[in-house]
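Data file: work32.cif. Format and content: mmCIF, C-alpha atoms.
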```
data_coords
#
loop_
_atom_site.label_atom_id
_atom_site.label_comp_id
_atom_site.auth_asym_id
_atom_site.auth_seq_id
_atom_site.Cartn_x
_atom_site.Cartn_y
_atom_site.Cartn_z
CA MET A 123 -1.87 -14.68 -3.17
CA ASP A 124 0.90 -12.13 -3.38
CA ARG A 125 0.17 -8.53 -4.36
CA GLU A 126 1.77 -5.28 -5.15
CA ARG A 127 0.36 -1.80 -5.08
CA GLU A 128 0.71 1.92 -4.29
CA ALA A 129 -0.11 5.55 -4.75
CA ALA A 130 2.46 8.12 -5.67
CA TYR A 131 4.87 5.58 -6.64
CA HIS A 132 3.60 2.29 -5.16
CA PRO A 133 3.01 -1.32 -6.13
CA LYS A 134 -0.47 -2.85 -5.66
CA LYS A 135 -1.96 -5.65 -3.83
CA SER A 136 -2.77 -8.75 -5.76
CA HIS A 137 -0.69 -8.52 -3.59
CA ARG A 138 2.36 -6.92 -2.65
CA THR A 139 5.98 -6.54 -3.26
CA ALA A 140 7.34 -3.11 -2.57
CA ASN A 141 6.10 0.42 -2.36
CA TRP A 142 7.88 3.53 -3.50
CA ASP A 143 7.19 7.24 -3.21
CA HIS A 144 9.01 9.89 -5.17
CA PHE A 145 8.95 13.57 -4.33
CA PRO A 146 10.78 15.74 -6.85
CA PRO A 147 11.84 19.27 -6.03
CA ARG A 148 9.40 21.40 -4.07
CA ARG A 149 7.22 23.77 -6.08
CA ARG A 150 6.63 21.06 -8.65
CA HIS A 151 5.84 17.99 -6.64
CA HIS A 152 5.09 14.81 -8.51
CA PRO A 153 4.52 12.19 -5.82
CA CYS A 154 3.72 8.70 -6.93
CA SER A 155 2.64 5.41 -5.30
CA LEU A 156 2.24 1.83 -6.64
CA HIS A 157 -0.67 -1.36 -6.34
CA SER A 158 -9.21 -4.38 -10.81
CA SER A 159 -9.89 -0.73 -10.33
CA THR A 160 -13.40 0.54 -9.53
CA CYS A 161 -14.79 4.09 -9.46
CA PHE A 162 -16.82 5.42 -6.55
CA ALA A 163 -18.72 8.64 -7.17
CA ILE A 164 -19.04 11.59 -4.84
CA GLN A 165 -21.92 11.05 -2.40
CA ASP A 166 -24.00 13.10 0.03
CA HIS A 167 -25.31 11.38 3.17
CA PRO A 168 -28.26 12.22 5.44
CA ALA A 169 -27.51 13.61 8.87
CA GLY A 170 -27.17 10.87 11.47
CA SER A 171 -26.60 8.09 8.95
CA MET A 172 -24.15 5.26 9.60
CA ARG A 173 -21.45 3.90 7.31
CA PRO A 174 -21.41 0.08 7.09
CA VAL A 175 -18.09 -1.74 7.44
CA PHE A 176 -17.56 -5.14 5.83
CA PHE A 177 -15.16 -7.98 6.53
CA SER A 178 -12.20 -8.00 4.14
CA PRO A 179 -11.72 -11.54 2.78
CA GLU A 180 -8.47 -10.71 0.94
CA THR A 181 -9.62 -12.80 -2.00
CA TYR A 182 -12.13 -12.69 -4.86
CA PRO A 183 -14.73 -11.33 -4.57
CA ARG A 184 -13.44 -8.54 -2.36
CA TYR A 185 -16.95 -7.15 -1.93
CA VAL A 186 -20.45 -7.94 -3.19
CA GLY A 187 -23.43 -5.64 -2.72
CA THR A 188 -24.81 -2.13 -3.21
CA ALA A 189 -24.53 -0.74 0.33
CA ARG A 190 -21.32 1.12 -0.60
CA GLY A 191 -22.77 2.50 -3.83
CA ASN A 192 -24.31 1.34 -7.08
CA ILE A 193 -21.16 -0.17 -8.63
CA SER A 194 -21.76 -2.65 -11.46
CA ALA A 195 -18.59 -4.63 -10.66
CA TYR A 196 -19.92 -5.35 -7.17
CA VAL A 197 -23.40 -6.53 -8.16
CA LYS A 198 -23.82 -10.16 -7.14
CA THR A 199 -23.68 -12.95 -9.68
CA ALA A 200 -25.73 -16.13 -9.59
CA ARG A 201 -23.11 -17.73 -7.34
CA GLN A 202 -22.72 -14.84 -4.92
CA SER A 203 -24.56 -13.23 -2.02
CA ASP A 204 -24.42 -9.67 -0.77
CA PHE A 205 -21.87 -9.10 2.00
CA LYS A 206 -23.30 -8.36 5.44
CA PRO A 207 -21.81 -5.53 7.55
CA ILE A 208 -19.81 -6.54 10.61
CA GLY A 209 -20.34 -3.11 12.13
CA TYR A 210 -21.01 0.57 11.54
CA ILE A 211 -19.34 3.91 12.17
CA PRO A 212 -20.93 7.38 11.94
CA GLN A 213 -21.13 8.61 8.35
CA VAL A 214 -19.87 12.05 7.28
CA PRO A 215 -22.10 14.46 5.31
CA HIS A 216 -20.08 14.15 2.07
CA THR A 217 -17.61 11.64 0.65
CA PHE A 218 -15.12 12.14 -2.17
CA ALA A 219 -15.00 10.30 -5.48
CA TYR A 220 -12.21 7.76 -5.74
CA HIS A 221 -10.66 4.79 -7.52
CA GLU A 222 -10.51 1.51 -5.65
CA GLU A 223 -8.87 -1.83 -6.26
CA THR A 224 -8.44 -4.06 -3.20
CA TYR A 225 -7.63 -0.83 -1.37
CA GLY A 226 -8.58 2.75 -1.93
CA ALA A 227 -6.07 4.00 -4.50
CA LEU A 228 -6.71 7.62 -5.58
CA ASN A 229 -9.34 10.25 -4.81
CA GLU A 230 -10.62 13.51 -6.32
CA LYS A 231 -12.85 16.14 -4.73
CA GLN A 232 -15.42 17.03 -7.43
CA ALA A 233 -17.35 19.23 -4.99
CA GLN A 234 -18.15 22.83 -4.10
CA TRP A 235 -18.16 22.03 -0.39
CA TYR A 236 -14.48 21.15 -0.51
CA THR A 237 -12.87 22.73 2.56
CA CYS A 238 -9.96 25.17 2.63
CA HIS A 239 -7.14 26.16 4.93
CA ALA A 240 -7.72 29.13 7.22
CA ASN A 241 -5.67 31.26 4.78
CA GLY A 242 -8.19 30.51 2.04
CA LEU A 243 -5.92 28.23 0.05
CA PRO A 244 -7.37 24.86 -0.99
CA LEU A 245 -6.16 21.75 0.73
CA PRO A 246 -4.18 19.25 -1.36
CA GLN A 247 -6.26 16.53 -3.01
CA GLN A 248 -5.28 13.63 -5.27
CA VAL A 249 -4.64 11.48 -2.20
CA GLY A 250 -3.06 8.19 -3.23
CA ILE A 251 -2.41 4.96 -1.35
CA GLY A 252 -0.29 1.84 -1.85
CA GLU A 253 -0.13 -1.15 0.49
CA SER A 254 2.34 -3.75 1.74
CA THR A 255 1.46 -6.41 4.31
CA CYS A 256 4.02 -6.76 7.11
CA SER A 257 4.72 -8.97 10.08
CA GLY A 258 3.89 -7.66 13.55
CA VAL A 259 4.36 -8.81 17.12
CA PHE A 260 0.62 -8.63 17.77
CA GLY A 261 -2.29 -9.99 15.76
CA THR A 262 -6.03 -10.30 16.12
CA LYS A 263 -9.19 -11.21 14.23
CA ALA A 264 -12.19 -9.32 12.94
CA ILE A 265 -15.64 -9.10 14.46
CA GLY A 266 -17.50 -12.21 13.35
CA GLN A 267 -14.24 -14.11 12.84
CA GLY A 268 -13.41 -14.70 16.48
CA GLY A 269 -12.15 -11.20 17.30
CA LYS A 270 -13.32 -7.73 18.28
CA ALA A 271 -11.64 -5.50 15.68
CA LEU A 272 -13.78 -3.71 13.10
CA LEU A 273 -11.33 -2.23 10.58
CA SER A 274 -8.93 -3.85 8.13
CA VAL A 275 -6.37 -2.00 6.03
CA ASP A 276 -8.82 -2.32 3.11
CA ALA A 277 -11.54 -0.50 5.05
CA LEU A 278 -9.13 2.10 6.43
CA SER A 279 -7.82 2.95 2.97
CA GLN A 280 -11.37 3.22 1.61
CA LEU A 281 -12.37 5.55 4.45
CA ALA A 282 -9.27 7.63 3.81
CA MET A 283 -10.28 7.99 0.16
CA GLU A 284 -13.83 8.95 1.09
CA ARG A 285 -12.95 11.51 3.76
CA SER A 286 -9.40 12.84 3.37
CA SER A 287 -8.21 15.76 1.27
CA SER A 288 -4.51 15.38 2.13
CA ALA A 289 -2.07 12.60 2.90
CA ARG A 290 -1.46 13.96 6.39
CA ASP A 291 -5.19 14.01 7.12
CA ALA A 292 -5.53 10.48 5.75
CA VAL A 293 -2.83 9.17 8.10
CA LYS A 294 -4.41 10.86 11.11
CA LEU A 295 -7.89 9.61 10.16
CA MET A 296 -6.83 5.99 9.67
CA GLY A 297 -4.85 6.00 12.88
CA SER A 298 -7.64 7.51 14.99
CA LEU A 299 -10.34 5.22 13.56
CA ALA A 300 -8.16 2.14 14.11
CA GLU A 301 -7.55 3.17 17.70
CA GLU A 302 -11.25 3.70 18.32
CA TYR A 303 -12.72 0.69 16.53
CA GLY A 304 -9.86 -1.81 16.45
CA PHE A 305 -7.59 -2.99 13.62
CA TYR A 306 -7.05 -6.50 12.27
CA GLY A 307 -4.48 -7.64 9.70
CA ALA A 308 -4.77 -10.13 6.88
CA GLY A 309 -3.55 -12.94 9.14
CA SER A 310 -1.95 -14.78 6.23
CA PHE A 311 1.64 -16.02 6.15
CA GLU A 312 2.54 -12.47 5.21
CA GLY A 313 1.75 -11.14 8.65
CA SER A 314 -0.74 -9.45 10.95
CA ALA A 315 0.37 -5.86 10.36
CA GLU A 316 0.24 -3.43 7.46
CA SER A 317 2.10 -0.59 5.78
CA LEU A 318 0.65 2.06 3.51
CA MET A 319 2.35 4.65 1.35
CA VAL A 320 0.08 7.69 1.52
CA THR A 321 0.64 10.66 -0.79
CA ASP A 322 -0.82 13.86 -2.18
CA PRO A 323 0.74 16.50 -4.49
CA THR A 324 2.83 18.01 -1.67
CA GLU A 325 3.48 15.34 0.96
CA GLY A 326 3.98 11.62 1.33
CA PHE A 327 4.06 9.31 4.35
CA ILE A 328 5.07 5.78 5.23
CA PHE A 329 2.37 4.51 7.60
CA HIS A 330 2.74 1.38 9.77
CA ILE A 331 -0.08 -0.18 11.80
CA LEU A 332 -0.72 -3.32 13.85
CA PRO A 333 -3.29 -4.42 16.45
CA ASP A 334 -2.65 -3.56 20.10
CA PRO A 335 -2.33 -6.41 22.65
CA THR A 336 -6.03 -6.23 23.57
CA GLY A 337 -7.21 -6.78 20.00
CA THR A 338 -9.59 -3.82 20.34
CA SER A 339 -7.38 -0.90 19.30
CA ALA A 340 -4.21 -0.22 17.31
CA ILE A 341 -0.57 0.83 17.42
CA TRP A 342 0.58 3.00 14.54
CA ALA A 343 3.30 5.38 13.39
CA ALA A 344 3.97 7.43 10.26
CA MET A 345 7.06 9.04 8.80
CA ARG A 346 6.96 11.96 6.40
CA VAL A 347 9.10 11.19 3.33
CA PRO A 348 11.50 14.08 2.57
CA ASP A 349 10.57 15.91 -0.63
CA ASP A 350 13.62 14.76 -2.59
CA HIS A 351 13.55 11.17 -1.35
CA ILE A 352 12.04 7.83 -2.30
CA GLY A 353 10.84 5.31 0.26
CA VAL A 354 10.80 1.53 -0.09
CA VAL A 355 8.51 -0.85 1.81
CA ALA A 356 8.66 -4.54 0.95
CA ASN A 357 6.51 -6.56 3.36
CA ALA A 358 8.45 -5.37 6.41
CA PHE A 359 8.36 -2.29 8.62
CA VAL A 360 11.02 0.30 7.80
CA ILE A 361 10.41 3.23 10.18
CA ARG A 362 13.17 3.33 12.73
CA ASP A 363 13.80 6.11 15.28
CA LEU A 364 10.61 8.02 16.08
CA ASN A 365 11.84 11.58 16.54
CA MET A 366 8.57 13.16 17.60
CA SER A 367 10.17 16.61 17.87
CA ALA A 368 11.36 16.64 14.24
CA VAL A 369 9.54 19.00 11.86
CA THR A 370 9.28 19.41 8.10
CA PRO A 371 10.50 22.52 6.24
CA ASP A 372 6.93 23.80 6.63
CA GLY A 373 7.07 23.41 10.40
CA LEU A 374 4.75 20.39 10.54
CA PRO A 375 5.53 17.20 12.48
CA ALA A 376 7.79 14.85 10.53
CA PHE A 377 6.60 11.86 12.58
CA LEU A 378 3.12 10.93 13.78
CA ALA A 379 2.28 8.08 16.16
CA SER A 380 -0.35 6.75 18.54
CA ALA A 381 0.23 7.14 22.26
CA SER A 382 0.03 3.35 22.44
CA THR A 383 3.21 3.10 20.38
CA PHE A 384 5.12 4.25 23.44
CA SER A 385 2.91 3.03 26.28
CA VAL A 386 2.74 -0.58 25.06
CA ALA A 387 6.48 -0.77 24.42
CA GLU A 388 7.14 0.58 27.90
CA SER A 389 4.62 -1.72 29.60
CA LYS A 390 6.20 -4.76 27.90
CA GLY A 391 9.68 -3.72 28.96
CA TRP A 392 10.80 -3.34 25.35
CA TRP A 393 11.63 0.37 25.54
CA HIS A 394 11.90 3.25 27.97
CA ALA A 395 12.30 6.96 27.35
CA SER A 396 15.72 6.74 28.98
CA HIS A 397 16.80 4.48 26.12
CA GLY A 398 16.46 7.29 23.60
CA LEU A 399 14.30 7.30 20.48
CA LEU A 400 11.98 4.33 19.98
CA ASP A 401 12.94 2.13 17.02
CA PHE A 402 9.49 1.20 15.67
CA THR A 403 10.74 -1.62 13.44
CA SER A 404 12.92 -3.17 16.12
CA VAL A 405 10.10 -3.07 18.69
CA TYR A 406 7.02 -3.97 16.64
CA SER A 407 8.14 -5.89 13.54
CA ASP A 408 8.27 -9.68 13.73
CA GLY A 409 11.01 -9.64 11.12
CA GLU A 410 11.04 -10.95 7.59
CA TYR A 411 8.49 -13.68 7.09
CA ALA A 412 8.98 -16.74 4.92
CA HIS A 413 12.79 -16.51 4.88
CA LYS A 414 15.78 -14.24 5.22
CA TYR A 415 16.05 -11.70 2.35
CA TYR A 416 12.32 -11.98 1.62
CA SER A 417 11.99 -8.23 2.21
CA GLY A 418 15.50 -6.85 2.43
CA ARG A 419 16.60 -8.12 -0.96
CA ARG A 420 13.76 -6.22 -2.61
CA MET A 421 14.67 -3.03 -0.74
CA TRP A 422 18.20 -3.45 -2.01
CA GLY A 423 16.87 -4.14 -5.52
CA ALA A 424 14.81 -0.95 -5.60
CA TYR A 425 17.60 1.23 -4.24
CA ARG A 426 20.08 -0.41 -6.62
CA MET A 427 18.00 0.78 -9.56
CA LEU A 428 16.96 4.21 -8.31
CA ALA A 429 19.90 5.22 -6.09
CA PRO A 430 22.88 3.11 -7.22
CA SER A 431 25.34 5.62 -5.78
CA LEU A 432 24.38 4.39 -2.29
CA ASN A 433 26.29 1.21 -3.15
CA LEU A 434 24.26 -0.81 -0.64
CA SER A 435 25.16 -4.40 0.11
CA PRO A 436 22.66 -7.12 -0.89
CA THR A 437 23.55 -9.15 2.19
CA TYR A 438 23.22 -8.55 5.91
CA GLY A 439 22.99 -10.42 9.20
CA GLU A 440 19.49 -9.90 10.61
CA TYR A 441 16.98 -7.42 9.21
CA LYS A 442 15.59 -5.97 12.45
CA ARG A 443 18.91 -5.73 14.26
CA ASP A 444 21.27 -4.66 11.48
CA ARG A 445 19.24 -1.84 9.88
CA PRO A 446 20.70 -2.77 6.47
CA TYR A 447 18.74 -0.19 4.44
CA PRO A 448 17.43 3.30 5.08
CA PRO A 449 13.64 3.85 5.11
CA THR A 450 14.10 6.62 2.55
CA ALA A 451 16.94 7.90 0.35
CA LYS A 452 17.61 10.48 -2.34
CA PRO A 453 17.50 8.96 -5.84
CA ASP A 454 20.36 9.59 -8.24
CA GLU A 455 18.01 11.00 -10.87
CA LYS A 456 14.46 12.28 -11.07
CA VAL A 457 12.14 9.28 -10.82
CA THR A 458 9.59 8.75 -13.58
CA VAL A 459 6.56 6.50 -13.89
CA ALA A 460 8.55 4.39 -16.36
CA ALA A 461 11.38 4.01 -13.84
CA ILE A 462 8.95 2.83 -11.18
CA ALA A 463 7.39 0.34 -13.60
CA ALA A 464 10.87 -0.99 -14.36
CA VAL A 465 11.54 -1.51 -10.65
CA MET A 466 8.25 -3.34 -10.23
CA ARG A 467 9.19 -5.68 -13.07
CA SER A 468 12.67 -6.45 -11.76
CA TYR A 469 14.05 -9.98 -11.51
CA TYR A 470 17.43 -8.56 -10.45
CA GLU A 471 18.68 -8.82 -14.03
CA GLY A 472 22.38 -8.16 -14.38
CA THR A 473 23.18 -9.10 -10.78
CA GLU A 474 24.32 -12.30 -9.10
CA PHE A 475 20.67 -12.86 -8.13
CA ASP A 476 19.33 -12.73 -11.71
CA GLN A 477 16.46 -15.22 -11.88
CA THR A 478 16.45 -15.35 -15.67
CA LEU A 479 19.75 -17.27 -15.60
CA GLY A 480 20.85 -20.66 -14.34
CA PRO A 481 19.33 -24.16 -14.40
CA ALA A 482 16.15 -23.09 -12.61
CA ALA A 483 15.37 -20.64 -15.42
CA GLY A 484 15.24 -23.51 -17.90
CA PRO A 485 15.95 -23.25 -21.62
CA TRP A 486 13.73 -20.19 -22.02
CA GLY A 487 15.21 -18.14 -19.20
CA SER A 488 11.99 -18.04 -17.17
CA PRO A 489 12.23 -16.31 -13.78
CA ASP A 490 8.87 -17.67 -12.67
CA HIS A 491 9.46 -20.35 -10.06
CA ALA A 492 6.20 -21.83 -8.83
CA TYR A 493 5.85 -23.68 -5.55
CA GLY A 494 4.47 -27.18 -5.14
CA GLY A 495 5.26 -30.63 -6.43
CA SER A 496 6.30 -33.83 -4.68
CA ALA A 497 9.45 -32.25 -3.22
CA ASP A 498 7.67 -29.21 -1.76
CA GLY A 499 8.68 -28.85 1.87
CA LYS A 500 11.38 -31.49 1.57
CA VAL A 501 14.05 -29.54 -0.28
CA LYS A 502 15.75 -26.95 1.90
CA GLY A 503 16.07 -23.33 0.80
CA ASN A 504 13.90 -20.83 -1.00
CA TRP A 505 13.62 -19.21 -4.37
CA GLU A 506 14.88 -15.65 -4.51
CA ARG A 507 12.00 -13.29 -3.72
CA THR A 508 12.05 -10.97 -6.71
CA ILE A 509 10.19 -7.68 -7.06
CA GLY A 510 8.43 -8.79 -10.24
CA LEU A 511 6.39 -11.84 -9.22
CA TRP A 512 4.30 -14.22 -11.26
CA ARG A 513 1.57 -14.64 -8.62
CA THR A 514 0.72 -10.92 -8.44
CA SER A 515 -2.93 -10.26 -9.25
CA ASP A 516 -2.39 -6.60 -10.19
CA SER A 517 -0.30 -3.54 -9.42
CA HIS A 518 -0.67 0.20 -9.73
CA ILE A 519 1.23 3.47 -9.76
CA VAL A 520 -0.47 6.63 -8.53
CA GLN A 521 0.64 10.02 -9.79
CA SER A 522 -0.32 13.24 -7.98
CA ARG A 523 0.53 16.50 -9.77
CA SER A 524 0.03 19.82 -7.99
CA TRP A 525 0.25 21.99 -11.12
CA LEU A 526 -2.82 20.42 -12.73
CA PRO A 527 -6.51 20.32 -11.71
CA ASP A 528 -7.34 17.37 -9.48
CA ALA A 529 -9.52 15.72 -12.13
CA ILE A 530 -6.53 15.24 -14.46
CA GLY A 531 -3.60 15.84 -12.11
CA GLY A 532 -4.21 12.56 -10.34
CA VAL A 533 -3.56 9.47 -12.46
CA LEU A 534 -3.92 5.82 -11.52
CA TRP A 535 -1.69 3.66 -13.72
CA TRP A 536 -3.29 0.27 -13.26
CA GLY A 537 -1.99 -3.06 -14.52
CA PRO A 538 -3.76 -6.40 -13.97
CA HIS A 539 -1.70 -9.55 -13.47
CA ALA A 540 2.02 -9.63 -12.67
CA ALA A 541 3.96 -6.43 -13.31
CA PRO A 542 6.46 -8.03 -15.77
CA TYR A 543 3.62 -9.09 -18.04
CA THR A 544 1.11 -6.28 -17.73
CA VAL A 545 0.42 -3.01 -19.52
CA TYR A 546 -0.11 -0.02 -17.22
CA VAL A 547 -3.20 1.88 -18.31
CA PRO A 548 -3.75 5.47 -17.09
CA PHE A 549 -7.06 6.37 -15.44
CA ILE A 550 -7.44 10.03 -14.49
CA ALA A 551 -8.88 10.84 -11.08
CA GLY A 552 -11.92 12.60 -12.53
CA LEU A 553 -13.34 9.57 -14.37
CA SER A 554 -16.97 8.99 -13.49
CA GLU A 555 -16.80 5.36 -14.59
CA ILE A 556 -14.28 2.84 -15.88
CA SER A 557 -14.66 1.01 -19.17
CA PRO A 558 -16.18 -2.49 -18.86
CA ALA A 559 -13.13 -3.68 -20.82
CA THR A 560 -11.06 -3.27 -17.66
CA LEU A 561 -13.36 -5.36 -15.48
CA GLY A 562 -13.27 -9.12 -15.88
CA HIS A 563 -12.91 -11.54 -12.97
CA PRO A 564 -11.63 -15.05 -12.15
CA GLU A 565 -15.03 -16.73 -12.45
CA ALA A 566 -15.12 -16.64 -16.24
CA MET A 567 -12.50 -16.08 -18.92
CA ASP A 568 -13.23 -13.09 -21.14
CA LYS A 569 -10.37 -12.06 -23.42
CA ARG A 570 -12.22 -8.82 -24.21
CA THR A 571 -11.24 -7.56 -20.76
CA LEU A 572 -7.83 -6.24 -19.78
CA PHE A 573 -7.91 -8.55 -16.76
CA TRP A 574 -7.72 -11.59 -19.01
CA ALA A 575 -5.97 -10.14 -22.07
CA VAL A 576 -2.61 -9.82 -20.28
CA ARG A 577 -2.72 -13.34 -18.82
#
```

Mind turning this structure into structure tokens?
Amino acid sequence: MDREREAAYHPKKSHRTANWDHFPPRRRHHPCSLHSSTCFAIQDHPAGSMRPVFFSPETYPRYVGTARGNISAYVKTARQSDFKPIGYIPQVPHTFAYHEETYGALNEKQAQWYTCHANGLPLPQQVGIGESTCSGVFGTKAIGQGGKALLSVDALSQLAMERSSSARDAVKLMGSLAEEYGFYGAGSFEGSAESLMVTDPTEGFIFHILPDPTGTSAIWAAMRVPDDHIGVVANAFVIRDLNMSAVTPDGLPAFLASASTFSVAESKGWWHASHGLLDFTSVYSDGEYAHKYYSGRRMWGAYRMLAPSLNLSPTYGEYKRDRPYPPTAKPDEKVTVAAIAAVMRSYYEGTEFDQTLGPAAGPWGSPDHAYGGSADGKVKGNWERTIGLWRTSDSHIVQSRSWLPDAIGGVLWWGPHAAPYTVYVPFIAGLSEISPATLGHPEAMDKRTLFWAVR
């Protein structure tokens, strides 16, 4: 299954395609990310309690049970059984309210015990997340599945929603938990590593993570996206030179990384401090999976629409070696939710790669090229990997707006099914529950639900 998602401007994970973040001028930040949505309420937890962690199947149902809260969408049906925890971590006294699809998507504080900076100013909230599976040079399995790692990207993003009041805190939390308890990737053809776009009303980060060689910890790095830039992640790492001495205009670190990022690379002979800055993508990415241009063409497609003045080439030699596209860039114009939705729906119309033209598009100009048939695996070549993709289960755009209260400043624009065919519906962060009309699931057709109405 292929997904798309995000949070600030991201695509969601039916699965994924690309993730974008937009940060307009300072003072009036309007970050966005892209990637069915479920609401978790604020919760208080007894001292000494433990938080259960469940295996992430990366399919339907993504979770069944009541251990994470009394959520109607997760109550078992006649054909289902409650999920059993694969482990536990210490629980915190209070957890935030948040929206969840496959991953945690957007949170909101809703609490008097919300902490503040030392200067008395409230911390940013409206933390949003979007995801994109990536290839990595290391992989491992979960506890109970033949491995020793406890946390998937699904679990990490949920924990970030529950516990983090800023994007920077979310990155640090996910990285530290993955180091302590171990990280495992989806393990599908898409790869064993992960990328998240993590945003709040004032900052946004590109976060990369993969298992370490022991399968019991993690390697991770994060790059702060400049305020007037967008970032594009399309199923491949993009962070390049880790300049750990670089700072933001506010004097905060522009890059964050685990110590293992450097120690593992050095122990393997892949990098040494004498070589200069460590290129995270060159060292830890396993390249584009499936075929050449699977990721890079989508990066080009997004930048072509949002920053055409860059005049980037759609072709290159080898993704890891050639560095064909920047991890972030300044858009030509202020980026809107509608502009992000247009990118997510793109079939490269108007270019030489337009999938609505040519014999394969048929008489109706269909860009949807399904796999399979008697010639599958026999005919050489691949369909162009477009940004809009028929096999997407859902996608979302997360808006975080600093000039509005958290309850309405944060908006999750959620769209079930493939982006070209969906309708993005806004859900404010402060919702206590989501309409049953948005639920629906693959087990039974119900045209009264948004899930089925757009199919």

Apply the PyMOL selection byres ((chain A and resi 409) around 12) to the displayed file and report the matching residues as number ranges by chain. A: 256-259, 312-315, 356-360, 402-408, 410-418, 440-445

Using only C-alpha atoms, list the residues that have an atom at most 12 Å from (26.4, -2.4, 2.5), coordinates as in the file, as a PyMOL selection string. chain A and resi 418-419+422+425-426+430-439+444-448

Dump of C-alpha atoms for the selected residues, as a compact mmCIF listing (two decimals), keeping the file's coordinate frame:
```txt
# COMPACT_ATOMS: atom_id res chain seq x y z
CA GLY A 418 15.50 -6.85 2.43
CA ARG A 419 16.60 -8.12 -0.96
CA TRP A 422 18.20 -3.45 -2.01
CA TYR A 425 17.60 1.23 -4.24
CA ARG A 426 20.08 -0.41 -6.62
CA PRO A 430 22.88 3.11 -7.22
CA SER A 431 25.34 5.62 -5.78
CA LEU A 432 24.38 4.39 -2.29
CA ASN A 433 26.29 1.21 -3.15
CA LEU A 434 24.26 -0.81 -0.64
CA SER A 435 25.16 -4.40 0.11
CA PRO A 436 22.66 -7.12 -0.89
CA THR A 437 23.55 -9.15 2.19
CA TYR A 438 23.22 -8.55 5.91
CA GLY A 439 22.99 -10.42 9.20
CA ASP A 444 21.27 -4.66 11.48
CA ARG A 445 19.24 -1.84 9.88
CA PRO A 446 20.70 -2.77 6.47
CA TYR A 447 18.74 -0.19 4.44
CA PRO A 448 17.43 3.30 5.08
```

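In this model, the gap between atom CA of Leu272 of chain A and atom CA of Val197 of chain A comes to 23.5 Å.
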
Computed gap from atom CA of Tyr225 of chain A to atom CA of Phe573 of chain A is 17.2 Å

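Closest to Thr571 of chain A among A:Gly510, A:Tyr546, A:Pro538, A:Ser194 is A:Pro538, based on only C-alpha atoms.
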
Applied to the shown file, which residues does the PyMOL selection byres ((chain A and resi 488) around 12) return, written as an mmCIF file with C-alpha atoms, in the coordinates of the input?
```
data_model
loop_
_atom_site.group_PDB
_atom_site.id
_atom_site.type_symbol
_atom_site.label_atom_id
_atom_site.label_comp_id
_atom_site.auth_asym_id
_atom_site.auth_seq_id
_atom_site.Cartn_x
_atom_site.Cartn_y
_atom_site.Cartn_z
ATOM 1 C CA TYR A 469 14.050 -9.980 -11.510
ATOM 2 C CA GLU A 471 18.680 -8.820 -14.030
ATOM 3 C CA ASP A 476 19.330 -12.730 -11.710
ATOM 4 C CA GLN A 477 16.460 -15.220 -11.880
ATOM 5 C CA THR A 478 16.450 -15.350 -15.670
ATOM 6 C CA LEU A 479 19.750 -17.270 -15.600
ATOM 7 C CA GLY A 480 20.850 -20.660 -14.340
ATOM 8 C CA PRO A 481 19.330 -24.160 -14.400
ATOM 9 C CA ALA A 482 16.150 -23.090 -12.610
ATOM 10 C CA ALA A 483 15.370 -20.640 -15.420
ATOM 11 C CA GLY A 484 15.240 -23.510 -17.900
ATOM 12 C CA PRO A 485 15.950 -23.250 -21.620
ATOM 13 C CA TRP A 486 13.730 -20.190 -22.020
ATOM 14 C CA GLY A 487 15.210 -18.140 -19.200
ATOM 15 C CA PRO A 489 12.230 -16.310 -13.780
ATOM 16 C CA ASP A 490 8.870 -17.670 -12.670
ATOM 17 C CA HIS A 491 9.460 -20.350 -10.060
ATOM 18 C CA ALA A 492 6.200 -21.830 -8.830
ATOM 19 C CA LEU A 511 6.390 -11.840 -9.220
ATOM 20 C CA TRP A 512 4.300 -14.220 -11.260
ATOM 21 C CA PRO A 542 6.460 -8.030 -15.770
#
```

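Using all atoms listed in the file, the smallest distance between any of A:Asp166, A:Glu455, A:Glu388, A:Glu506 and Arg285 of chain A comes from A:Asp166.
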
Quick one: residues within 9 Å of Ala300 of chain A, only C-alpha atoms, excluding same-chain residues fewer than 3 positions away - as a PyMOL selection string? chain A and resi 271-274+278+295-297+303-306+331+333+338-342

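Distance check against Glu565 of chain A using all atoms listed in the file: of A:Ala219, A:Val459, A:Ala200, A:Leu228, the minimum falls on A:Ala200.
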
Using the chain letters and numbers from this file, what does the PyMOL selection byres ((chain A and resi 555) around 9) select? Give the answer as a ChimeraX atom specification. /A:160-163,552-554,556-558
